[in-house]
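Colleague: Provided herewith is a single structure, encoded as structure tokens, for subsequent inquiry.
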Amino acid sequence: MQEDPILGTKIWLSLWKSGRSVETHALASIATLGMSLTDFAVLEVLLHKGPLPVNTIGKKVLLTSGSITTAVDRLEQKGLVERMDSPTDRRVRIVSLTKEGTKQIKIAFSEHQKHLELAVSPLTKDEQSQLVTLLRKLGKGADRLRTAR
């Protein structure tokens with residue numbers, strides 16, 4: 001059996017195009033929820049990880065220190081998050097969801113999950129599981145190659 005010398009390129013293009021399609025669907029989903037991508041990302045991290053320092057949230061949602069501060073300010077003004085001093089380090093501010101913030105992100109995240117399930121519905125549940133396994137394997141293998149250089 002002869003190997004296709006451009007299969008790696010085909011895989012990369014397929015990942016890129018399908019990733020863009022799913023991303024477009026996900027962004028449209030968030031837009032229908034009445035919040036920005038940044039606000040959704042910050043609230044979602046706090047929902048699933050619990051209270052976190054501002055800089056940790058920024059790293060998790062890929063925002064600069066200035067951008068995460070602005071986002072947290074905006075969410076605090078809306079009454080969705082609150083800041084408190086760290087009990088162990090006076091330089092650190094911890095951000096947590098308020099009761100209203102928790103309520104809103106739970107509803108929004110549930111709706112977003114439904115939209116994402118629709119986006120991946122062309123695949124059977126078994127194919128979805130296989131895809132997750134294969135993508136993890138691909139990503140870890142590519143990471144190992146990158147760090148071996």
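Residue numbering restarts at 1 in every chain; chains get A, B, ... in the order shown in the structure tokens, and ligands count up from 1 in that same order.
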List every residue of stretch 74-106 of chain A that DSSP, applied to the backbone of this structure, assigns to strand (DSSP E), and report them as a ChimeraX atom specification.
Modeller: /A:81-85,93-97
Colleague: Residues as selected, C-alpha atoms, written as a compact mmCIF listing (two decimals), in the first residue's frame, can you do that?
Modeller:
```
# COMPACT_ATOMS: atom_id res chain seq x y z
CA VAL A 81 -18.96 38.54 39.93
CA GLU A 82 -17.35 39.92 43.04
CA ARG A 83 -13.74 40.48 44.03
CA MET A 84 -12.30 39.74 47.44
CA ASP A 85 -8.86 39.83 48.96
CA ARG A 93 -7.65 39.52 44.31
CA ILE A 94 -9.96 36.52 44.05
CA VAL A 95 -12.95 36.64 41.70
CA SER A 96 -16.08 34.58 42.38
CA LEU A 97 -19.55 34.34 40.93
```
Colleague: Show which residues sit within 10 Å of A:Thr56, as a compact mmCIF listing (two decimals) with C-alpha atoms, in the first residue's frame. Count only C-alpha atoms, and ignore same-chain residues fewer than 5 positions away.
Modeller:
```txt
# COMPACT_ATOMS: atom_id res chain seq x y z
CA VAL A 61 -9.29 32.48 28.86
CA LEU A 62 -6.23 33.83 27.02
CA LEU A 63 -6.60 37.49 27.99
CA SER A 65 -3.81 41.42 32.38
CA ILE A 68 -9.05 40.53 32.10
CA ILE A 94 -9.96 36.52 44.05
CA VAL A 95 -12.95 36.64 41.70
```
Colleague: Can you tell me how far atom CA of A:Gly79 sits from atom CA of A:Ala26, in Å to one decimal?
Modeller: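 So the two atoms, atom CA of A:Gly79 and atom CA of A:Ala26, lie 25.1 Å apart.
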Colleague: Could you write out, as JSON, numbers by chain, all the residues of chain A that DSSP marks as alpha helix (DSSP H)?
Modeller: {"A": [7, 8, 9, 10, 11, 12, 13, 14, 15, 16, 17, 18, 19, 20, 21, 22, 23, 24, 25, 26, 27, 28, 29, 30, 31, 32, 37, 38, 39, 40, 41, 42, 43, 44, 45, 46, 47, 48, 49, 54, 55, 56, 57, 58, 59, 60, 65, 66, 67, 68, 69, 70, 71, 72, 73, 74, 75, 76, 77, 99, 100, 101, 102, 103, 104, 105, 106, 107, 108, 109, 110, 111, 112, 113, 114, 115, 116, 117, 118, 119, 125, 126, 127, 128, 129, 130, 131, 132, 133, 134, 135, 136, 137, 138, 139, 140, 141, 142, 143, 144, 145, 146, 147, 148]}
Colleague: Choose the residue, out of A:Arg91, A:Lys17, A:Lys114, A:Lys137, that has the smallest atom-to-atom separation from A:Asn55; count only C-alpha atoms.
Modeller: A:Arg91
Colleague: Could you check which of A:Lys125, A:Asp73, A:Leu134, A:Pro53 is closest to A:Arg90, using only C-alpha atoms?
Modeller: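 Of all the options, A:Pro53 lies closest to A:Arg90.
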Colleague: Taking only C-alpha atoms into account, which of A:Gly34, A:Gly66, A:Gly8, A:Gly19 comes nearest A:Ala108?
Modeller: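 Of A:Gly34, A:Gly66, A:Gly8, A:Gly19, the one nearest A:Ala108, counting only C-alpha atoms, is A:Gly34.
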Colleague: Calculate how many Å separate atom CA of A:Glu3 from atom CA of A:Arg146, rounding to one decimal.
Modeller: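 So the two atoms, atom CA of A:Glu3 and atom CA of A:Arg146, lie 23.4 Å apart.
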Colleague: When you count only C-alpha atoms, which of these residues is closest to A:Ser29: A:Lys99, A:Arg149, A:His115, A:Lys140?
Modeller: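 Using only C-alpha atoms, the shortest distance to A:Ser29 belongs to A:His115.
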Colleague: Might you pull out every residue within 10 Å of stretch 47-49 of chain A, with only C-alpha atoms counted and same-chain residues fewer than 5 positions away left off, and present them as an MDAnalysis selection string?
Modeller: chainID A and resid 41:42 57 96:97 101:103 105:106 109
Colleague: Keeping only N, CA and C atoms, write the selected residues as a PDB file, in the first residue's frame.
Modeller:
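Saved the output as again25.pdb:
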```
ATOM      1  N   ALA A  41     -16.718  33.404  28.629  1.00  0.00           N
ATOM      2  CA  ALA A  41     -15.536  32.617  28.990  1.00  0.00           C
ATOM      3  C   ALA A  41     -15.166  32.797  30.459  1.00  0.00           C
ATOM      4  N   VAL A  42     -15.180  34.033  30.938  1.00  0.00           N
ATOM      5  CA  VAL A  42     -14.836  34.295  32.342  1.00  0.00           C
ATOM      6  C   VAL A  42     -15.858  33.627  33.262  1.00  0.00           C
ATOM      7  N   ILE A  57      -7.519  33.562  35.890  1.00  0.00           N
ATOM      8  CA  ILE A  57      -8.640  33.586  34.940  1.00  0.00           C
ATOM      9  C   ILE A  57      -8.139  34.072  33.586  1.00  0.00           C
ATOM     10  N   SER A  96     -15.106  35.669  42.253  1.00  0.00           N
ATOM     11  CA  SER A  96     -16.079  34.585  42.375  1.00  0.00           C
ATOM     12  C   SER A  96     -17.410  35.031  41.786  1.00  0.00           C
ATOM     13  N   LEU A  97     -18.210  34.065  41.433  1.00  0.00           N
ATOM     14  CA  LEU A  97     -19.547  34.344  40.926  1.00  0.00           C
ATOM     15  C   LEU A  97     -20.456  34.793  42.057  1.00  0.00           C
ATOM     16  N   GLY A 101     -24.818  35.771  39.088  1.00  0.00           N
ATOM     17  CA  GLY A 101     -23.853  35.316  38.088  1.00  0.00           C
ATOM     18  C   GLY A 101     -23.928  33.818  37.884  1.00  0.00           C
ATOM     19  N   THR A 102     -24.029  33.083  38.988  1.00  0.00           N
ATOM     20  CA  THR A 102     -24.147  31.626  38.925  1.00  0.00           C
ATOM     21  C   THR A 102     -25.417  31.239  38.169  1.00  0.00           C
ATOM     22  N   LYS A 103     -26.511  31.896  38.501  1.00  0.00           N
ATOM     23  CA  LYS A 103     -27.789  31.605  37.847  1.00  0.00           C
ATOM     24  C   LYS A 103     -27.689  31.850  36.337  1.00  0.00           C
ATOM     25  N   ILE A 105     -24.968  32.111  34.288  1.00  0.00           N
ATOM     26  CA  ILE A 105     -24.041  31.280  33.521  1.00  0.00           C
ATOM     27  C   ILE A 105     -24.513  29.837  33.456  1.00  0.00           C
ATOM     28  N   LYS A 106     -25.206  29.358  34.482  1.00  0.00           N
ATOM     29  CA  LYS A 106     -25.751  27.997  34.407  1.00  0.00           C
ATOM     30  C   LYS A 106     -26.755  27.877  33.266  1.00  0.00           C
ATOM     31  N   PHE A 109     -24.752  28.395  29.893  1.00  0.00           N
ATOM     32  CA  PHE A 109     -23.905  27.250  29.554  1.00  0.00           C
ATOM     33  C   PHE A 109     -24.751  26.063  29.107  1.00  0.00           C
TER      34      PHE A 109
END
```
Colleague: Between A:Glu111, A:Arg144, A:Gln128, A:Leu116, single out the one closest to A:Thr32, counting only C-alpha atoms.
Modeller: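 Closest residue, counting only C-alpha atoms: A:Glu111.
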Colleague: Do you have the atom CA of A:Arg20-atom CA of A:Leu145 distance handy?
Modeller: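 Separation between atom CA of A:Arg20 and atom CA of A:Leu145: 24.5 Å.
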Colleague: Please determine, counting only C-alpha atoms, which residue among A:Trp12, A:His112, A:Ser67, A:Val54 has the shortest atom-to-atom distance to A:Ala28.
Modeller: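 Closest to A:Ala28, using only C-alpha atoms: A:His112.
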